[in-house]
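> Just so it is clear, I am handing over query.cif, which has mmCIF, C-alpha atoms.
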```cif
data_coords
loop_
_atom_site.label_atom_id
_atom_site.label_comp_id
_atom_site.auth_asym_id
_atom_site.auth_seq_id
_atom_site.Cartn_x
_atom_site.Cartn_y
_atom_site.Cartn_z
CA MET Z 66 8.34 8.09 23.19
CA GLN Z 67 8.13 4.35 23.82
CA LEU Z 68 7.58 3.33 27.45
CA LEU Z 69 8.93 -0.10 28.33
CA GLU Z 70 8.46 -2.15 31.48
CA GLN Z 71 11.54 -4.18 30.68
CA VAL Z 72 14.01 -4.01 27.79
CA GLN Z 73 14.69 -7.50 26.48
CA ASP Z 74 17.42 -6.70 23.96
CA GLY Z 75 20.27 -4.24 23.80
CA VAL Z 76 23.59 -3.66 25.51
CA ARG Z 77 23.19 -2.07 28.94
CA LEU Z 78 25.83 0.54 29.85
CA SER Z 79 26.16 3.03 32.67
CA VAL Z 80 26.34 6.66 31.56
CA SER Z 81 29.65 6.80 33.45
CA THR Z 82 31.15 4.34 30.94
CA PRO Z 83 34.01 6.00 29.03
CA GLU Z 84 32.78 7.56 25.82
CA GLU Z 85 35.13 5.51 23.64
CA ASP Z 86 33.71 2.29 25.09
CA ILE Z 87 30.18 3.46 24.40
CA ARG Z 88 31.11 4.35 20.83
CA ALA Z 89 32.58 0.88 20.38
CA ALA Z 90 29.39 -0.68 21.72
CA ALA Z 91 27.33 1.49 19.39
CA ALA Z 92 29.37 0.33 16.39
CA ALA Z 93 28.59 -3.30 17.19
CA ASN Z 94 24.99 -3.09 18.41
CA ASP Z 95 21.73 -1.65 17.11
CA SER Z 96 20.27 -1.11 20.59
CA LEU Z 97 21.85 0.59 23.62
CA ILE Z 98 20.39 1.00 27.10
CA LEU Z 99 22.02 3.91 28.91
CA GLU Z 100 21.63 3.62 32.68
CA PHE Z 101 21.39 6.97 34.51
CA GLU Z 102 23.02 6.81 37.97
CA ALA Z 103 21.52 10.02 39.35
CA PHE Z 104 18.50 12.18 38.53
CA ARG Z 105 20.68 15.21 37.82
CA ASP Z 106 23.31 13.32 35.84
CA GLY Z 107 23.57 15.06 32.49
CA ARG Z 108 26.05 12.61 30.99
CA GLY Z 109 23.33 10.41 29.55
CA PHE Z 110 21.80 13.32 27.65
CA SER Z 111 25.20 14.31 26.31
CA LEU Z 112 26.07 10.75 25.27
CA ALA Z 113 22.81 10.39 23.35
CA ALA Z 114 23.30 13.71 21.57
CA VAL Z 115 26.90 12.82 20.68
CA LEU Z 116 25.94 9.38 19.36
CA ARG Z 117 23.17 10.83 17.21
CA GLY Z 118 25.46 13.56 15.99
CA GLN Z 119 27.97 10.89 14.93
CA GLY Z 120 25.31 9.10 12.92
CA TYR Z 121 24.14 6.32 15.26
CA ARG Z 122 20.79 5.06 13.91
CA GLY Z 123 20.12 2.32 16.42
CA ARG Z 124 17.71 2.38 19.34
CA LEU Z 125 18.61 4.37 22.45
CA ILE Z 126 16.78 3.58 25.69
CA ALA Z 127 17.09 5.60 28.90
CA ALA Z 128 17.01 3.59 32.12
CA GLY Z 129 17.70 4.08 35.80
CA LYS Z 130 17.17 7.38 37.57
CA VAL Z 131 15.17 9.44 35.11
CA LEU Z 132 12.01 11.45 35.76
CA PRO Z 133 8.84 12.15 33.73
CA ASP Z 134 9.80 15.86 33.76
CA GLN Z 135 12.79 14.90 31.60
CA ALA Z 136 10.71 13.21 28.89
CA ARG Z 137 10.93 16.04 26.39
CA HIS Z 138 14.68 16.51 26.85
CA LEU Z 139 15.30 12.77 26.51
CA ARG Z 140 13.45 12.84 23.21
CA ARG Z 141 15.31 15.92 21.99
CA CYS Z 142 18.68 14.36 22.77
CA GLY Z 143 17.90 11.28 20.72
CA PHE Z 144 16.36 8.70 23.05
CA ASP Z 145 13.67 6.48 21.55
CA GLY Z 146 12.22 5.19 24.79
CA VAL Z 147 12.41 4.87 28.56
CA GLU Z 148 12.63 1.73 30.66
CA LEU Z 149 10.15 2.25 33.49
CA ALA Z 150 11.09 1.29 37.03
CA PRO Z 151 9.14 -1.71 38.42
CA GLY Z 152 5.64 -0.57 39.37
CA ALA Z 153 6.08 2.87 37.82
CA ASP Z 154 3.01 4.65 36.46
CA ALA Z 155 3.31 5.34 32.73
CA ALA Z 156 0.64 8.07 32.69
CA PRO Z 157 2.92 10.91 33.97
CA TRP Z 158 5.46 10.07 31.28
CA ARG Z 159 2.85 10.29 28.52
CA ARG Z 160 1.45 13.48 29.96
CA MET Z 161 4.79 15.22 30.26
CA ASP Z 162 5.94 14.04 26.84
CA GLN Z 163 2.84 15.65 25.34
CA VAL Z 164 2.79 18.79 27.46
CA PHE Z 165 6.34 19.71 26.50
CA SER Z 166 5.76 19.37 22.79
CA ALA Z 167 7.85 22.40 21.84
CA ALA Z 168 10.95 24.24 22.99
CA TYR Z 169 12.21 27.82 23.07
CA GLN Z 170 15.87 26.87 22.98
CA PRO Z 171 17.25 25.16 19.88
CA ALA Z 172 18.65 21.63 19.81
CA SER Z 173 20.38 19.77 17.01
CA GLY Z 174 17.79 18.54 14.54
CA ASP Z 175 14.87 19.93 16.60
CA ASP Z 176 12.18 21.05 14.17
CA ARG Z 177 9.53 21.86 16.78
CA LEU Z 178 10.75 25.18 18.11
CA VAL Z 179 7.96 27.45 19.29
CA TRP Z 180 8.85 30.29 16.97
CA ARG Z 181 8.84 27.93 13.99
CA GLN Z 182 5.49 26.46 14.98
CA ARG Z 183 3.93 29.88 15.37
CA HIS Z 184 4.97 30.94 11.88
CA ALA Z 185 4.48 27.64 10.09
CA ALA Z 186 1.60 27.14 7.70
CA PRO Z 187 -1.17 24.88 9.00
CA GLN Z 188 -0.59 21.23 8.16
CA ASP Z 189 -2.82 20.18 5.25
CA ALA Z 190 -4.88 17.22 6.42
CA THR Z 191 -5.35 15.82 2.91
CA ALA Z 192 -1.62 15.79 2.21
CA LEU Z 193 -0.97 14.36 5.66
CA ALA Z 194 -3.47 11.53 5.10
CA ALA Z 195 -1.81 10.66 1.78
CA ARG Z 196 1.63 10.62 3.41
CA LEU Z 197 0.46 8.51 6.34
CA ASN Z 198 -1.29 6.02 4.04
CA ALA Z 199 1.92 5.63 2.08
CA GLN Z 200 4.06 5.30 5.20
CA TRP Z 201 1.81 3.40 7.62
CA GLY Z 202 -1.18 2.18 5.59
CA GLN Z 203 0.05 -1.42 5.58
CA ALA Z 204 1.26 -1.40 9.18
CA ASP Z 205 -0.25 -3.38 12.02
CA ALA Z 206 -3.08 -1.56 13.77
CA GLU Z 207 -1.10 -0.98 16.96
CA VAL Z 208 1.91 0.35 15.07
CA LEU Z 209 -0.39 2.62 13.08
CA LEU Z 210 -1.96 3.94 16.29
CA ARG Z 211 1.43 4.64 17.84
CA ALA Z 212 2.44 6.56 14.73
CA VAL Z 213 -0.60 8.83 14.70
CA LEU Z 214 -0.49 9.38 18.50
CA ASP Z 215 3.22 10.21 18.51
CA PRO Z 216 3.47 13.78 19.91
CA ALA Z 217 6.01 14.52 17.18
CA LEU Z 218 3.14 14.45 14.66
CA GLY Z 219 1.61 17.41 16.46
CA ARG Z 220 -2.02 16.23 16.34
CA LYS Z 221 -4.72 16.40 19.03
CA ALA Z 222 -6.64 13.13 18.82
CA ALA Z 223 -9.77 11.56 20.25
CA ALA Z 224 -11.43 8.22 19.56
CA ILE Z 225 -15.11 7.67 18.83
CA SER Z 226 -16.66 4.48 20.15
CA SER Z 227 -20.19 3.10 20.22
CA PHE Z 228 -19.17 0.39 22.71
CA GLY Z 229 -20.89 -1.97 20.30
CA ALA Z 230 -20.34 -5.51 19.08
CA GLU Z 231 -16.72 -5.07 17.92
CA SER Z 232 -15.65 -2.00 19.87
CA ALA Z 233 -13.52 -3.95 22.34
CA VAL Z 234 -10.80 -4.53 19.73
CA LEU Z 235 -10.04 -0.87 19.02
CA LEU Z 236 -10.45 0.08 22.68
CA HIS Z 237 -8.07 -2.70 23.70
CA LEU Z 238 -5.46 -1.40 21.26
CA ILE Z 239 -5.94 2.12 22.61
CA SER Z 240 -5.47 0.84 26.16
CA ARG Z 241 -2.11 -0.64 25.12
CA VAL Z 242 -0.92 2.51 23.37
CA GLN Z 243 -2.46 5.43 25.29
CA PRO Z 244 -5.10 4.55 27.91
CA ASP Z 245 -5.72 8.22 28.75
CA LEU Z 246 -6.71 9.04 25.15
CA PRO Z 247 -10.11 10.80 25.12
CA VAL Z 248 -12.80 8.32 24.01
CA VAL Z 249 -16.14 9.85 23.03
CA PHE Z 250 -19.29 7.81 23.63
CA LEU Z 251 -22.54 9.30 22.35
CA GLU Z 252 -25.10 8.68 25.06
CA THR Z 253 -28.15 9.23 22.85
CA GLY Z 254 -30.72 8.36 25.48
CA GLN Z 255 -31.93 5.49 23.30
CA HIS Z 256 -29.25 2.86 23.80
CA PHE Z 257 -29.98 -0.70 24.84
CA PHE Z 258 -29.48 -1.11 28.59
CA GLN Z 259 -26.94 -3.82 27.72
CA THR Z 260 -24.83 -1.25 25.87
CA LEU Z 261 -24.66 1.07 28.88
CA ALA Z 262 -23.66 -1.80 31.15
CA TYR Z 263 -21.06 -2.96 28.61
CA ARG Z 264 -19.61 0.55 28.37
CA ARG Z 265 -18.97 0.51 32.13
CA GLU Z 266 -17.57 -3.03 32.12
CA LEU Z 267 -15.21 -2.49 29.20
CA THR Z 268 -13.95 0.86 30.48
CA ASP Z 269 -13.05 -0.66 33.84
CA ARG Z 270 -11.59 -3.82 32.35
CA LEU Z 271 -9.27 -1.96 29.95
CA GLY Z 272 -8.29 0.82 32.34
CA LEU Z 273 -9.44 3.63 30.05
CA THR Z 274 -9.25 6.84 32.03
CA ASP Z 275 -10.92 9.45 29.80
CA VAL Z 276 -14.17 8.02 28.42
CA ARG Z 277 -16.59 10.90 27.87
CA ASP Z 278 -20.38 10.37 27.85
CA ILE Z 279 -21.73 12.96 25.43
CA LYS Z 280 -25.46 13.67 25.61
CA PRO Z 281 -27.71 15.66 23.26
CA ASP Z 282 -28.37 19.30 24.10
CA ALA Z 283 -31.48 19.26 26.28
CA ALA Z 284 -33.09 22.29 24.65
CA ALA Z 285 -32.42 21.08 21.11
CA LEU Z 286 -33.74 17.63 21.95
CA SER Z 287 -36.88 19.01 23.57
CA LYS Z 288 -37.59 21.08 20.48
CA ALA Z 289 -36.78 18.46 17.84
CA ASP Z 290 -38.00 15.30 19.58
CA PRO Z 291 -40.33 16.16 22.46
CA ARG Z 292 -42.02 12.72 22.46
CA GLY Z 293 -38.84 10.69 21.86
CA ASP Z 294 -40.17 9.12 18.67
CA LEU Z 295 -38.51 11.22 15.97
CA TRP Z 296 -36.81 8.02 14.77
CA ARG Z 297 -40.16 6.84 13.38
CA SER Z 298 -40.73 9.72 10.98
CA ALA Z 299 -37.30 11.28 10.41
CA PRO Z 300 -34.37 9.01 11.35
CA ASP Z 301 -31.81 11.38 9.80
CA ALA Z 302 -33.10 14.24 11.94
CA CYS Z 303 -33.06 11.97 14.99
CA CYS Z 304 -29.40 11.07 14.39
CA ALA Z 305 -28.58 14.72 13.80
CA VAL Z 306 -29.90 15.90 17.16
CA ARG Z 307 -28.80 12.87 19.18
CA LYS Z 308 -25.44 12.12 17.54
CA VAL Z 309 -24.09 14.47 14.89
CA GLN Z 310 -24.59 17.78 16.68
CA PRO Z 311 -23.37 16.55 20.11
CA LEU Z 312 -20.31 14.98 18.51
CA SER Z 313 -19.52 18.22 16.71
CA GLN Z 314 -19.41 19.99 20.05
CA ALA Z 315 -17.48 17.18 21.76
CA LEU Z 316 -14.76 17.14 19.11
CA ALA Z 317 -14.23 20.89 18.98
CA GLY Z 318 -10.50 21.42 19.36
CA PHE Z 319 -9.55 17.94 18.14
CA ASP Z 320 -8.02 17.74 14.67
CA THR Z 321 -7.77 13.93 14.58
CA ARG Z 322 -10.46 11.33 15.25
CA ILE Z 323 -9.97 7.58 15.53
CA THR Z 324 -12.74 5.15 14.57
CA GLY Z 325 -13.31 1.40 14.51
CA ARG Z 326 -14.75 1.26 10.98
CA LYS Z 327 -13.83 -1.68 8.74
CA ARG Z 328 -14.19 -2.37 5.03
CA TYR Z 329 -16.03 -5.64 5.40
CA GLN Z 330 -18.93 -4.12 7.36
CA ASN Z 331 -20.86 -3.04 4.26
CA SER Z 332 -20.42 -1.97 0.65
CA HIS Z 333 -20.31 1.72 1.59
CA ARG Z 334 -17.08 1.11 3.51
CA ALA Z 335 -15.43 -1.21 0.99
CA ALA Z 336 -12.86 1.40 -0.12
CA LEU Z 337 -12.10 2.69 3.38
CA GLU Z 338 -8.51 3.92 3.81
CA PRO Z 339 -6.58 3.77 7.11
CA PHE Z 340 -6.22 7.56 6.91
CA GLU Z 341 -8.79 9.97 5.50
CA ALA Z 342 -9.13 13.74 5.57
CA ALA Z 343 -11.89 16.30 5.20
CA ASP Z 344 -12.10 19.92 6.24
CA ASP Z 345 -8.66 19.87 7.90
CA VAL Z 346 -9.66 16.91 10.11
CA LEU Z 347 -7.72 13.65 9.94
CA THR Z 348 -9.77 10.47 10.41
CA VAL Z 349 -7.87 7.32 11.37
CA ASN Z 350 -9.31 3.84 10.80
CA PRO Z 351 -6.71 1.43 12.25
CA LEU Z 352 -8.91 -1.63 11.62
CA ALA Z 353 -9.94 -0.72 8.08
CA ALA Z 354 -8.34 -3.80 6.50
CA TRP Z 355 -9.27 -6.27 9.23
CA SER Z 356 -11.59 -9.15 8.42
CA ALA Z 357 -14.41 -10.45 10.60
CA ASP Z 358 -12.24 -13.48 11.40
CA GLN Z 359 -9.40 -11.24 12.58
CA ILE Z 360 -11.79 -9.39 14.86
CA GLU Z 361 -13.07 -12.65 16.33
CA ASP Z 362 -9.54 -13.99 16.77
CA TRP Z 363 -8.44 -10.87 18.62
CA LEU Z 364 -11.47 -10.93 20.91
CA ARG Z 365 -10.86 -14.60 21.70
CA ASP Z 366 -7.07 -14.50 22.03
CA HIS Z 367 -7.18 -11.54 24.42
CA GLN Z 368 -10.25 -12.81 26.29
CA LEU Z 369 -12.09 -9.54 25.83
CA PRO Z 370 -15.68 -9.34 27.09
CA ARG Z 371 -18.35 -9.41 24.40
CA HIS Z 372 -21.40 -7.21 24.10
CA PRO Z 373 -24.31 -9.20 25.58
CA LEU Z 374 -26.44 -8.75 22.43
CA VAL Z 375 -23.94 -10.42 20.10
CA GLU Z 376 -25.12 -13.89 21.07
CA GLN Z 377 -28.67 -12.80 20.26
CA GLY Z 378 -27.80 -12.08 16.63
CA TYR Z 379 -26.76 -8.42 16.76
CA PRO Z 380 -23.39 -8.04 14.97
CA SER Z 381 -23.82 -4.24 14.78
CA ILE Z 382 -25.49 -2.37 17.62
CA GLY Z 383 -26.81 1.17 17.71
CA CYS Z 384 -29.88 2.71 19.32
CA TRP Z 385 -32.61 0.20 20.12
CA PRO Z 386 -35.37 1.68 17.86
CA CYS Z 387 -33.21 1.37 14.73
CA THR Z 388 -31.36 -1.91 15.35
CA ARG Z 389 -32.50 -5.48 14.77
CA ALA Z 390 -30.86 -8.89 14.70
CA VAL Z 391 -29.63 -10.15 11.30
CA ALA Z 392 -29.89 -13.42 9.46
CA ALA Z 393 -26.84 -15.60 8.79
CA ASP Z 394 -26.61 -14.49 5.15
CA GLU Z 395 -26.86 -10.75 5.86
CA ASP Z 396 -24.07 -8.19 6.24
CA ALA Z 397 -23.14 -7.10 9.74
CA ARG Z 398 -24.84 -3.72 9.37
CA ASP Z 399 -28.01 -4.90 7.63
CA GLY Z 400 -29.75 -4.72 10.99
CA ARG Z 401 -29.21 -0.97 11.19
CA TRP Z 402 -32.10 1.11 9.84
CA ALA Z 403 -33.51 -2.03 8.21
CA GLY Z 404 -35.95 -1.37 5.41
CA GLN Z 405 -34.64 2.15 4.81
CA GLU Z 406 -32.07 3.61 2.44
CA LYS Z 407 -30.21 5.01 5.43
CA THR Z 408 -26.91 3.20 6.13
CA GLU Z 409 -24.95 5.64 8.33
CA CYS Z 410 -25.87 7.88 11.24
CA GLY Z 411 -23.92 10.82 9.81
CA ILE Z 412 -21.06 11.13 12.29
CA HIS Z 413 -18.63 9.72 9.73
CA GLY Z 414 -19.79 11.96 6.90
CA ARG Z 415 -17.57 14.42 5.11
CA THR Z 416 -18.45 17.18 7.52
CA LEU Z 417 -20.08 17.32 10.90
CA ALA Z 418 -23.26 19.32 11.14
CA PRO Z 419 -22.76 22.62 12.92
CA ALA Z 420 -23.47 22.60 16.61
CA CYS Z 421 -26.77 24.14 17.70
#
```
What's the structure tokens form of this structure?

Amino acid sequence: MQLLEQVQDGVRLSVSTPEEDIRAAAAANDSLILEFEAFRDGRGFSLAAVLRGQGYRGRLIAAGKVLPDQARHLRRCGFDGVELAPGADAAPWRRMDQVFSAAYQPASGDDRLVWRQRHAAPQDATALAARLNAQWGQADAEVLLRAVLDPALGRKAAAISSFGAESAVLLHLISRVQPDLPVVFLETGQHFFQTLAYRRELTDRLGLTDVRDIKPDAAALSKADPRGDLWRSAPDACCAVRKVQPLSQALAGFDTRITGRKRYQNSHRAALEPFEAADDVLTVNPLAAWSADQIEDWLRDHQLPRHPLVEQGYPSIGCWPCTRAVAADEDARDGRWAGQEKTECGIHGRTLAPAC
């Protein structure tokens, strides 16, 4: 459900307006704002249901005296959004809209009844990715994010962020759409100090409320890398114990992950789709089609803080042992695992390694 601080367009009507007048307004306008006069006033719910039942396809916005507890019922009755009162906190609305994602009592057109969900076949992630690419693949990144985070889709999502050179763009979009979305940061124990400081700065600046620092399992790390120099002899094994295995544990229970990967970053990502699927997990890449210039424009236009190492020639930033600055004619990720065939850490592979 869309949460709006102020509705700029649409005809504003009290829910006490005679039904025939509301129908006339609906016939002439593609956006109606129905103002609730009391918290227990059921007329607004009834009006929305009647309008939808009569075929109204415009936008319906609830305003006035409505509560977050009513979010699910507003959605069921046909409302597309809620106009928040001045100074109102949007977080309870998002939380309640997600918590009440199913109903025991039927409503017209409601396809999310509990008994149906319990007997429905699991949603095939591959088919879902194909449908979403066809429907939203060309959409703006923010629109795409709103689509995949819509509770009606029935997915449990988390974002993965390195808090690196370009991470601020995706995190900024997330802060505009759902600032309490879980964001997983792999605290490998080998990050640049600048990255850790940037993670704190960006989290505070954007108002992200659920950034999770995920560390390697202490016992597994002690066994695999007791001296902290596994990166020298076996970088894949180092990534496995410090990144892949911890991420597998952190994402248990999430069926959708959101990344900041882009096609231009290197040849291995050139065919990246906005939506991908593997092993019943949906991966969402809202910035897949963005160019380096678009990234720079967004960072500048929204005055987002930059990672301190960018000015020192690091366009892609990972752990300090395996990251170097790049020359002007190199790809952004040429500084990662330079001199090796390795190009990815493994967290974006087809499957995550099993947790230890």
> Quick one: of Z:Ala289, Z:Leu209, Z:Leu78, Z:Ala93, who's nearest to Ala353 of chain Z, counting all atoms listed in the file?
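With all atoms listed in the file as the atom set, the closest residue is Z:Leu209.
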> Spell out the residues picked by the PyMOL selection byres ((chain Z and resi 113) around 10) here, as a PyMOL selection string.
chain Z and resi 80+97+99+108-112+114-119+121+125-127+139-144
> Selection in question (the file shown): the PyMOL selection byres ((chain Z and resi 243-251) around 6). Which residues does it include, as a ChimeraX atom specification?
/Z:223-227,239-240,242,252-253,273-279
> Which distance in Å separates atom CA of Lys130 of chain Z and atom CA of Ile98 of chain Z, to one decimal?
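It comes out at 12.7 Å.
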> Quick one: of Z:Ile87, Z:Ala233, Z:Cys304, Z:Ala153, who's nearest to Gln368 of chain Z, counting only C-alpha atoms?
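For Gln368 of chain Z, the nearest of the given residues is Z:Ala233.
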> Kindly write segment 220-236 of chain Z with N, CA, C and O atoms to a file, as a compact mmCIF listing (two decimals), in the first residue's frame.

```
# COMPACT_ATOMS: atom_id res chain seq x y z
N ARG Z 220 6.32 -12.29 -0.82
CA ARG Z 220 7.72 -12.67 -0.68
C ARG Z 220 8.30 -12.10 0.62
O ARG Z 220 7.85 -11.07 1.10
N LYS Z 221 9.33 -12.77 1.14
CA LYS Z 221 10.06 -12.26 2.31
C LYS Z 221 11.45 -11.86 1.82
O LYS Z 221 12.25 -12.73 1.45
N ALA Z 222 11.72 -10.57 1.81
CA ALA Z 222 12.92 -10.06 1.13
C ALA Z 222 13.93 -9.48 2.11
O ALA Z 222 13.59 -9.00 3.19
N ALA Z 223 15.18 -9.51 1.66
CA ALA Z 223 16.28 -8.84 2.36
C ALA Z 223 17.25 -8.35 1.29
O ALA Z 223 17.34 -8.93 0.20
N ALA Z 224 17.93 -7.26 1.59
CA ALA Z 224 18.93 -6.72 0.67
C ALA Z 224 20.33 -7.12 1.15
O ALA Z 224 20.56 -7.31 2.34
N ILE Z 225 21.24 -7.24 0.20
CA ILE Z 225 22.64 -7.50 0.51
C ILE Z 225 23.44 -6.28 0.09
O ILE Z 225 23.32 -5.82 -1.05
N SER Z 226 24.23 -5.74 0.99
CA SER Z 226 25.02 -4.56 0.65
C SER Z 226 26.43 -4.67 1.21
O SER Z 226 26.63 -5.09 2.35
N SER Z 227 27.41 -4.27 0.39
CA SER Z 227 28.80 -4.24 0.83
C SER Z 227 29.17 -2.88 1.41
O SER Z 227 30.28 -2.71 1.90
N PHE Z 228 28.23 -1.91 1.33
CA PHE Z 228 28.52 -0.53 1.71
C PHE Z 228 29.81 -0.07 1.02
O PHE Z 228 30.70 0.52 1.63
N GLY Z 229 29.86 -0.37 -0.28
CA GLY Z 229 31.03 -0.05 -1.08
C GLY Z 229 30.87 1.23 -1.86
O GLY Z 229 30.07 2.11 -1.51
N ALA Z 230 31.57 1.31 -2.99
CA ALA Z 230 31.69 2.55 -3.75
C ALA Z 230 30.35 3.06 -4.28
O ALA Z 230 30.13 4.27 -4.36
N GLU Z 231 29.46 2.15 -4.69
CA GLU Z 231 28.19 2.56 -5.30
C GLU Z 231 26.97 2.17 -4.47
O GLU Z 231 25.84 2.37 -4.90
N SER Z 232 27.20 1.64 -3.29
CA SER Z 232 26.10 1.09 -2.50
C SER Z 232 25.06 2.12 -2.10
O SER Z 232 23.89 1.79 -1.87
N ALA Z 233 25.45 3.39 -2.00
CA ALA Z 233 24.53 4.42 -1.53
C ALA Z 233 23.30 4.55 -2.42
O ALA Z 233 22.22 4.91 -1.93
N VAL Z 234 23.43 4.24 -3.71
CA VAL Z 234 22.29 4.40 -4.62
C VAL Z 234 21.18 3.42 -4.27
O VAL Z 234 20.02 3.81 -4.06
N LEU Z 235 21.50 2.14 -4.21
CA LEU Z 235 20.48 1.15 -3.87
C LEU Z 235 19.93 1.39 -2.47
O LEU Z 235 18.72 1.32 -2.25
N LEU Z 236 20.80 1.69 -1.51
CA LEU Z 236 20.35 1.90 -0.14
C LEU Z 236 19.46 3.14 -0.05
O LEU Z 236 18.50 3.17 0.74
```
